[in-house]
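Have a look at protein_1.txt below; it lists compact mmCIF, C-alpha atoms.
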```txt
# COMPACT_ATOMS: atom_id res chain seq x y z
CA ARG A 1301 -9.54 56.16 4.39
CA VAL A 1302 -10.76 58.20 7.37
CA GLY A 1303 -10.34 61.92 6.98
CA LYS A 1304 -8.88 64.29 9.58
CA ARG A 1305 -12.29 65.84 10.18
CA TRP A 1306 -13.81 62.52 11.20
CA ILE A 1307 -10.85 61.72 13.41
CA GLY A 1308 -11.32 65.07 15.16
CA LEU A 1309 -15.04 64.47 15.68
CA LEU A 1310 -14.46 60.98 17.08
CA PHE A 1311 -11.80 62.32 19.43
CA ALA A 1312 -14.13 65.08 20.68
CA ALA A 1313 -16.98 62.60 21.21
CA ASN A 1314 -14.72 60.21 23.12
CA LEU A 1315 -13.40 63.06 25.27
CA GLY A 1316 -16.96 64.12 26.05
CA VAL A 1317 -17.90 60.63 27.24
CA TRP A 1318 -14.86 60.41 29.49
CA MET A 1319 -15.54 63.85 30.97
CA ALA A 1320 -19.19 62.95 31.59
CA PHE A 1321 -18.11 59.90 33.58
CA PHE A 1322 -15.12 61.19 35.45
CA THR A 1323 -15.68 64.92 36.02
CA PRO A 1324 -18.39 64.35 38.71
CA ILE A 1325 -16.07 61.92 40.45
CA GLN A 1326 -13.21 64.41 40.46
CA ILE A 1327 -15.47 67.17 41.79
CA LEU A 1328 -17.53 65.28 44.34
CA LEU A 1329 -15.50 62.32 45.51
CA PRO A 1330 -11.76 63.04 45.77
CA GLN A 1331 -11.67 62.42 49.52
CA GLN A 1332 -14.05 59.45 49.42
CA VAL A 1333 -12.08 57.68 46.68
CA GLU A 1334 -8.83 58.22 48.56
CA SER A 1335 -10.26 56.95 51.85
CA ILE A 1336 -12.15 53.95 50.51
CA ALA A 1337 -9.64 52.48 48.10
CA PRO A 1338 -6.28 54.24 48.24
CA GLY A 1339 -4.55 51.29 46.60
CA ASP A 1340 -7.34 50.22 44.26
CA LYS A 1341 -8.88 53.25 42.59
CA GLU A 1342 -10.27 51.10 39.75
CA THR A 1343 -12.56 49.26 42.18
CA MET A 1344 -13.81 52.50 43.67
CA LEU A 1345 -14.49 54.04 40.26
CA ALA A 1346 -16.49 50.94 39.33
CA TRP A 1347 -18.62 51.35 42.46
CA VAL A 1348 -19.26 55.00 41.70
CA MET A 1349 -20.20 54.48 38.06
CA GLY A 1350 -22.38 51.50 38.97
CA LEU A 1351 -24.16 53.00 41.95
CA GLY A 1352 -23.89 56.73 41.34
CA ALA A 1353 -22.14 59.33 43.47
CA PHE A 1354 -22.77 58.81 47.18
CA VAL A 1355 -24.30 62.26 47.59
CA PRO A 1356 -28.01 62.70 48.33
CA GLU A 1357 -30.17 64.97 46.25
CA VAL A 1358 -30.79 68.25 48.03
CA GLY A 1359 -34.14 69.96 47.76
CA GLU A 1360 -34.84 72.99 49.95
CA ALA A 1361 -31.50 73.96 51.49
CA ASP A 1362 -33.04 75.37 54.68
CA ALA A 1363 -34.72 72.01 55.31
CA TRP A 1364 -31.42 70.12 55.51
CA THR A 1365 -30.89 68.82 59.04
CA VAL A 1366 -27.92 67.97 61.22
CA SER A 1367 -28.06 65.84 64.37
CA VAL A 1368 -26.13 67.36 67.28
CA GLU A 1369 -24.93 64.91 69.93
CA GLY A 1370 -22.70 65.07 72.97
CA VAL A 1371 -24.48 68.14 74.35
CA ARG A 1372 -26.81 68.42 77.35
CA ASN A 1373 -29.88 68.76 75.14
CA PRO A 1374 -29.15 66.78 71.96
CA ARG A 1375 -31.48 67.36 69.03
CA THR A 1376 -31.71 67.65 65.26
CA LEU A 1377 -31.59 71.15 63.80
CA SER A 1378 -32.48 72.35 60.33
CA VAL A 1379 -30.41 74.90 58.45
CA ALA A 1380 -33.27 77.36 58.98
CA GLU A 1381 -33.01 76.86 62.75
CA LEU A 1382 -29.23 77.19 62.65
CA LYS A 1383 -29.61 80.54 60.89
CA SER A 1384 -31.58 81.83 63.87
CA LEU A 1385 -28.64 81.17 66.20
CA GLY A 1386 -26.32 83.75 64.66
CA ILE A 1387 -23.83 84.14 61.85
CA GLU A 1388 -20.12 84.83 61.51
CA THR A 1389 -17.92 85.18 58.44
CA VAL A 1390 -14.34 83.98 58.20
CA ALA A 1391 -11.73 83.82 55.45
CA ALA A 1392 -9.99 80.46 55.49
CA VAL A 1393 -7.77 78.49 53.13
CA LEU A 1394 -9.18 75.15 52.07
CA GLN A 1395 -6.37 72.85 50.95
CA CYS A 1396 -6.20 69.17 50.11
CA SER A 1397 -3.79 67.46 52.50
CA GLY A 1398 -2.20 65.86 49.43
CA ASN A 1399 -1.27 69.18 47.82
CA GLY A 1400 2.31 68.68 46.59
CA ARG A 1401 1.99 64.88 46.66
CA GLY A 1402 3.21 64.72 43.05
CA TYR A 1403 6.67 65.84 44.17
CA PHE A 1404 7.15 63.01 46.69
CA PRO A 1405 9.83 60.50 45.57
CA SER A 1406 7.96 57.72 47.41
CA LYS A 1407 5.02 58.05 44.95
CA PRO A 1408 2.16 57.81 47.49
CA SER A 1409 -1.32 56.83 46.37
CA GLY A 1410 -3.89 59.44 45.48
CA THR A 1411 -4.15 62.27 42.98
CA LYS A 1412 -0.65 63.41 42.02
CA TRP A 1413 -1.19 67.03 43.04
CA GLN A 1414 1.74 69.37 42.52
CA VAL A 1415 0.36 72.84 43.24
CA GLY A 1416 -3.12 74.29 43.02
CA ALA A 1417 -5.20 72.04 45.27
CA ALA A 1418 -5.98 74.99 47.52
CA GLY A 1419 -8.06 78.14 47.62
CA CYS A 1420 -8.98 80.96 49.99
CA VAL A 1421 -12.69 80.98 50.71
CA ILE A 1422 -15.05 83.33 52.55
CA TRP A 1423 -17.29 81.11 54.69
CA SER A 1424 -20.41 82.25 56.52
CA GLY A 1425 -22.42 80.27 59.04
CA VAL A 1426 -23.15 79.75 62.69
CA PRO A 1427 -20.21 79.22 65.07
CA VAL A 1428 -20.28 75.73 66.51
CA ARG A 1429 -19.76 77.20 69.99
CA GLN A 1430 -23.11 79.03 69.65
CA VAL A 1431 -24.88 75.82 68.68
CA VAL A 1432 -23.42 74.14 71.77
CA ALA A 1433 -24.51 77.03 73.99
CA ALA A 1434 -28.04 76.91 72.57
CA LEU A 1435 -28.25 73.21 73.43
CA GLY A 1436 -27.21 73.60 77.05
CA GLY A 1437 -23.44 73.19 76.74
CA LEU A 1438 -21.21 70.18 76.31
CA ALA A 1439 -21.95 66.85 77.93
CA GLU A 1440 -19.30 65.49 80.27
CA GLY A 1441 -16.21 63.89 78.77
CA ALA A 1442 -16.14 65.60 75.36
CA ARG A 1443 -12.64 65.80 73.86
CA PHE A 1444 -13.24 65.83 70.10
CA ILE A 1445 -15.55 67.39 67.52
CA THR A 1446 -16.70 64.61 65.21
CA GLY A 1447 -18.43 65.41 61.94
CA THR A 1448 -20.17 62.88 59.71
CA GLY A 1449 -21.00 63.41 56.06
CA GLY A 1450 -24.44 62.75 54.60
CA GLU A 1451 -23.31 60.64 51.65
CA GLN A 1452 -25.50 57.67 50.79
CA LEU A 1453 -23.37 54.61 51.54
CA PRO A 1454 -23.39 51.56 49.24
CA ALA A 1455 -25.27 48.51 50.49
CA GLY A 1456 -23.33 45.47 51.65
CA VAL A 1457 -20.27 47.43 52.71
CA ASP A 1458 -19.08 48.03 56.26
CA PRO A 1459 -20.16 51.65 56.91
CA LYS A 1460 -17.02 52.40 58.89
CA SER A 1461 -14.90 51.51 55.87
CA VAL A 1462 -16.50 54.12 53.62
CA VAL A 1463 -18.17 56.81 55.73
CA VAL A 1464 -16.60 60.25 55.66
CA GLU A 1465 -16.32 60.92 59.39
CA ARG A 1466 -13.51 62.87 61.00
CA SER A 1467 -12.66 63.99 64.52
CA VAL A 1468 -10.67 67.11 65.43
CA PRO A 1469 -9.58 68.34 68.87
CA LEU A 1470 -12.21 70.10 70.97
CA LYS A 1471 -10.03 73.23 71.11
CA GLU A 1472 -11.39 74.10 67.66
CA LEU A 1473 -14.81 74.72 69.20
CA ASP A 1474 -13.99 78.45 69.26
CA THR A 1475 -13.34 78.69 65.51
CA ALA A 1476 -15.37 75.95 63.77
CA LEU A 1477 -18.43 76.92 61.71
CA LEU A 1478 -21.47 75.20 60.29
CA ALA A 1479 -21.39 77.09 57.01
CA TRP A 1480 -24.20 77.58 54.53
CA GLU A 1481 -22.56 80.35 52.49
CA MET A 1482 -19.39 80.32 50.40
CA ASN A 1483 -18.12 83.60 48.96
CA GLY A 1484 -21.48 85.24 49.65
CA GLU A 1485 -23.56 82.56 47.93
CA PRO A 1486 -25.16 79.32 49.15
CA VAL A 1487 -22.50 76.60 49.41
CA PRO A 1488 -22.65 74.72 46.07
CA HIS A 1489 -23.47 71.03 46.16
CA ALA A 1490 -20.04 70.18 44.74
CA HIS A 1491 -18.40 71.97 47.67
CA GLY A 1492 -20.50 70.35 50.37
CA GLY A 1493 -23.73 72.32 50.38
CA PRO A 1494 -26.17 72.94 51.76
CA LEU A 1495 -24.19 72.67 55.03
CA ARG A 1496 -20.49 72.13 55.59
CA LEU A 1497 -18.44 71.83 58.75
CA VAL A 1498 -15.57 74.28 58.40
CA VAL A 1499 -12.53 74.04 60.66
CA PRO A 1500 -10.22 76.96 59.74
CA GLY A 1501 -6.56 76.02 59.55
CA TYR A 1502 -7.25 72.30 59.09
CA SER A 1503 -6.70 70.34 55.88
CA GLY A 1504 -9.65 69.76 53.57
CA VAL A 1505 -10.62 66.27 54.68
CA ASN A 1506 -11.54 67.61 58.13
CA ASN A 1507 -14.03 70.08 56.66
CA ILE A 1508 -16.96 67.70 56.31
CA LYS A 1509 -19.24 68.10 53.31
CA TYR A 1510 -23.02 67.63 53.58
CA VAL A 1511 -22.62 67.33 57.34
CA LYS A 1512 -25.49 65.32 58.86
CA ARG A 1513 -24.12 64.59 62.32
CA LEU A 1514 -22.06 66.74 64.67
CA ALA A 1515 -21.00 64.94 67.83
CA PHE A 1516 -18.81 65.90 70.77
CA THR A 1517 -17.09 62.66 71.65
CA PRO A 1518 -14.61 61.39 74.25
CA VAL A 1519 -12.55 59.57 71.60
CA GLU A 1520 -11.76 59.92 67.90
CA THR A 1521 -14.03 58.15 65.44
CA ASP A 1522 -13.01 54.64 64.46
CA ALA A 1523 -14.01 55.21 60.83
CA ARG A 1524 -11.32 54.06 58.44
CA ILE A 1525 -10.79 57.55 57.05
CA GLN A 1526 -9.59 58.56 60.53
CA SER A 1527 -8.25 55.41 62.17
CA THR A 1528 -5.87 54.39 59.38
CA GLY A 1529 -6.39 57.01 56.68
CA TYR A 1530 -4.88 60.49 56.70
CA ARG A 1531 -2.12 59.62 59.17
CA MET A 1532 1.45 60.93 59.06
CA THR A 1533 3.08 57.59 58.26
CA PRO A 1534 6.60 56.86 57.02
CA PRO A 1535 6.80 55.83 53.32
CA GLY A 1536 5.79 52.21 52.83
CA THR A 1537 4.06 52.00 56.22
CA LYS A 1538 0.35 51.30 56.61
CA GLY A 1539 -1.77 53.81 58.49
CA ASP A 1540 -2.26 53.22 62.18
CA PRO A 1541 -4.03 55.18 64.97
CA SER A 1542 -0.67 55.52 66.74
CA PHE A 1543 0.57 57.89 64.00
CA PRO A 1544 -0.37 61.59 64.13
CA ALA A 1545 -3.60 62.52 62.38
CA VAL A 1546 -3.56 64.91 59.44
CA TRP A 1547 -5.13 67.91 61.12
CA GLU A 1548 -3.63 71.40 61.10
CA MET A 1549 -1.89 72.68 57.98
CA ASP A 1550 1.76 73.60 58.23
CA VAL A 1551 3.19 76.72 56.64
CA LYS A 1552 4.06 75.95 53.00
CA SER A 1553 4.60 79.40 51.47
CA TRP A 1554 6.76 82.46 52.01
CA VAL A 1555 5.15 85.75 50.94
CA ASN A 1556 7.76 88.21 49.60
CA GLY A 1557 5.49 90.94 48.39
CA PRO A 1558 3.95 93.35 48.84
CA ALA A 1559 6.76 94.13 51.28
CA PRO A 1560 6.12 96.24 54.41
CA GLU A 1561 8.97 98.63 53.58
CA ASN A 1562 7.04 99.74 50.49
CA GLY A 1563 4.34 101.29 52.63
CA PRO A 1564 0.59 100.65 52.90
CA VAL A 1565 -1.07 98.71 50.10
CA LYS A 1566 -3.39 100.79 47.93
CA ALA A 1567 -7.06 99.88 47.59
CA GLY A 1568 -7.92 97.62 44.69
CA TRP A 1569 -6.46 94.49 43.15
CA VAL A 1570 -3.04 93.54 44.54
CA GLN A 1571 -0.77 90.77 43.32
CA ILE A 1572 0.77 88.75 46.16
CA HIS A 1573 3.93 86.82 45.27
CA GLY A 1574 6.40 84.62 47.00
CA VAL A 1575 7.79 81.10 47.17
```
What would the structure in this file look like if it were written as structure tokens?
Amino acid sequence: RVGKRWIGLLFAANLGVWMAFFTPIQILLPQQVESIAPGDKETMLAWVMGLGAFVPEVGEADAWTVSVEGVRNPRTLSVAELKSLGIETVAAVLQCSGNGRGYFPSKPSGTKWQVGAAGCVIWSGVPVRQVVAALGGLAEGARFITGTGGEQLPAGVDPKSVVVERSVPLKELDTALLAWEMNGEPVPHAHGGPLRLVVPGYSGVNNIKYVKRLAFTPVETDARIQSTGYRMTPPGTKGDPSFPAVWEMDVKSWVNGPAPENGPVKAGWVQIHGV
């Protein structure tokens, strides 16, 4: 007969193994898993556990480089060089576009988020507009800002089917950042460090982690994560470039307090509540 103590120890050991395997996936690859295999998560998890997370090891953060294209003087810049171009700080909500997905009656694929897949972050980095200015301005015909992640792609797979590459309208040139700080500290690896493209007001998938390429392009990328993934499609319909892209976040909350009729808010911690 197996005693309760042994059962408890076996349960804890089993839980530890599962967490060791799946916690890195949940932290590092939620967007990649969704984009690569939205209908076959088991296959994607097998790739990840067999090949390792598709995220390169980062040594000296300031040595990380990003290739800037679609400007008059294209070149590759290190984080150290970007820091010499200026810095701005912005508070912006980072939210998974699937936040609330668990409430949908159509049961879409992906993590069944209800609430909580969001947070307000203080980002610091160089404004993309200053990078463009330093490189002579935009080349002719630019209509989109296209960011490409630096994940190591698995061999034998069509890169366009797995690469994390998103395009957003060029109008975000005034607000987008190449950020190396998050809440006053270097951007953690799990959150896209050492360099992340931040597009305030846009859903999480558009804020490219480990950004290695920043291009100003005449058309949207044809990567799967953009061409058919993250599109506003009717339930049961496959993604298609003709459907609107998941870009800007809509209002999802109503703040009821603190209310303006109660006067100025006092300094210190304040609880904000609403629906």
Excluding A:Ser1367 and its own-chain neighbours fewer than 5 positions away, which residues fall within 8 Å of it when counting only C-alpha atoms? Please give them as a PyMOL selection string. chain A and resi 1374-1377+1512-1515
Residue selection dump (C-alpha atoms) as a PDB file, in the frame of the given file:
```pdb
ATOM      1  CA  PRO A1374     -29.150  66.780  71.960  1.00  0.00           C
ATOM      2  CA  ARG A1375     -31.480  67.360  69.030  1.00  0.00           C
ATOM      3  CA  THR A1376     -31.710  67.650  65.260  1.00  0.00           C
ATOM      4  CA  LEU A1377     -31.590  71.150  63.800  1.00  0.00           C
ATOM      5  CA  LYS A1512     -25.490  65.320  58.860  1.00  0.00           C
ATOM      6  CA  ARG A1513     -24.120  64.590  62.320  1.00  0.00           C
ATOM      7  CA  LEU A1514     -22.060  66.740  64.670  1.00  0.00           C
ATOM      8  CA  ALA A1515     -21.000  64.940  67.830  1.00  0.00           C
TER       9      ALA A1515
END
```
Leaving out A:Tyr1403 and any residue of its chain fewer than 4 positions from it, which residues lie within 12 Å of it when counting only C-alpha atoms, given as a VMD selection string? chain A and resid 1398 to 1399 1407 to 1408 1411 to 1415
Could you dump the residues just selected with C-alpha atoms as a PDB file, keeping the file's coordinate frame?
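Okay, this is what ended up in again.pdb:
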```pdb
ATOM      1  CA  GLY A1398      -2.200  65.860  49.430  1.00  0.00           C
ATOM      2  CA  ASN A1399      -1.270  69.180  47.820  1.00  0.00           C
ATOM      3  CA  LYS A1407       5.020  58.050  44.950  1.00  0.00           C
ATOM      4  CA  PRO A1408       2.160  57.810  47.490  1.00  0.00           C
ATOM      5  CA  THR A1411      -4.150  62.270  42.980  1.00  0.00           C
ATOM      6  CA  LYS A1412      -0.650  63.410  42.020  1.00  0.00           C
ATOM      7  CA  TRP A1413      -1.190  67.030  43.040  1.00  0.00           C
ATOM      8  CA  GLN A1414       1.740  69.370  42.520  1.00  0.00           C
ATOM      9  CA  VAL A1415       0.360  72.840  43.240  1.00  0.00           C
TER      10      VAL A1415
END
```
Please determine an axis-aligned box that encloses all atoms of stretch 1483-1488 of chain A listed in the file, with 6 Å added on each side, and express its centre and edge lengths in Å to one decimal as AutoDock Vina command-line options.
```
--center_x -21.6 --center_y 80.0 --center_z 47.9 --size_x 19.0 --size_y 22.5 --size_z 15.6
```
Could you tell me how far atom CA of A:Arg1524 lies from atom CA of A:Gly1370, in Å and to one decimal? 21.5 Å
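Here atom CA of A:Gln1452 and atom CA of A:Glu1548 stand 27.8 Å from one another.
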Surrounding residues of A:Ile1387 excluding itself and chain neighbours under 4 positions, 8 Å, all atoms listed in the file, as a ChimeraX atom specification: /A:1383,1424-1427
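Comparing the minimum interatomic distances between A:Asp1540 and each of A:Val1565, A:Ala1523, A:Leu1497, A:Val1555, counting only C-alpha atoms, we find that A:Ala1523 sits nearest.
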Residue neighbourhood A:Val1368, 12 Å, all atoms listed in the file, exclusion window fewer than 2 positions, as a ChimeraX atom specification: /A:1365-1366,1370-1378,1382,1428,1431-1439,1445-1448,1478,1511-1517
Could you check how far atom CA of A:Val1463 sits from atom CA of A:Val1519, in Å to one decimal? 17.1 Å
Minimum-distance residue to A:Thr1475, chosen among A:Gly1492, A:Pro1500, A:Gly1574, A:Pro1454 (using only C-alpha atoms): A:Pro1500
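Among the candidates A:Val1390, A:Val1499, A:Ile1525, A:Leu1385, the residue lying nearest to A:Ser1461 is A:Ile1525 (atoms considered: all atoms listed in the file).
Shortest separation to A:Ser1397 among A:Val1462, A:Ala1476, A:Met1532, A:Ala1455 occurs at residue A:Met1532, atoms counted being only C-alpha atoms.
Of the residues under consideration (A:Val1393, A:Ala1479, A:Ala1363, A:Val1551), A:Val1393 shows the shortest atom-to-atom contact distance to A:Gly1501 when counting all atoms listed in the file.
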Around (2.5, 73.9, 58.7) in the file's frame, which residues reach within 12 Å when counting all atoms listed in the file? Return as a PyMOL selection string? chain A and resi 1395+1397+1501-1503+1546-1554
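Neighbouring residues of A:Gly1449 at 7 Å or closer, counting only C-alpha atoms and skipping chain neighbours under 4 positions away, are A:Val1464, A:Glu1465, A:Ile1508, A:Lys1509, A:Tyr1510, A:Val1511, A:Lys1512.
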Out of A:Val1487, A:Leu1470, A:Val1457, A:Ala1418, which residue has the shortest atom-to-atom distance to A:Gly1441 when counting only C-alpha atoms? A:Leu1470
Do you know which residues lie at most 10 Å from (-0.8, 54.3, 65.3), with coordinates as in the file and all atoms listed in the file counted, and could you write them as an MDAnalysis selection string? chainID A and resid 1527:1528 1531:1533 1538:1545
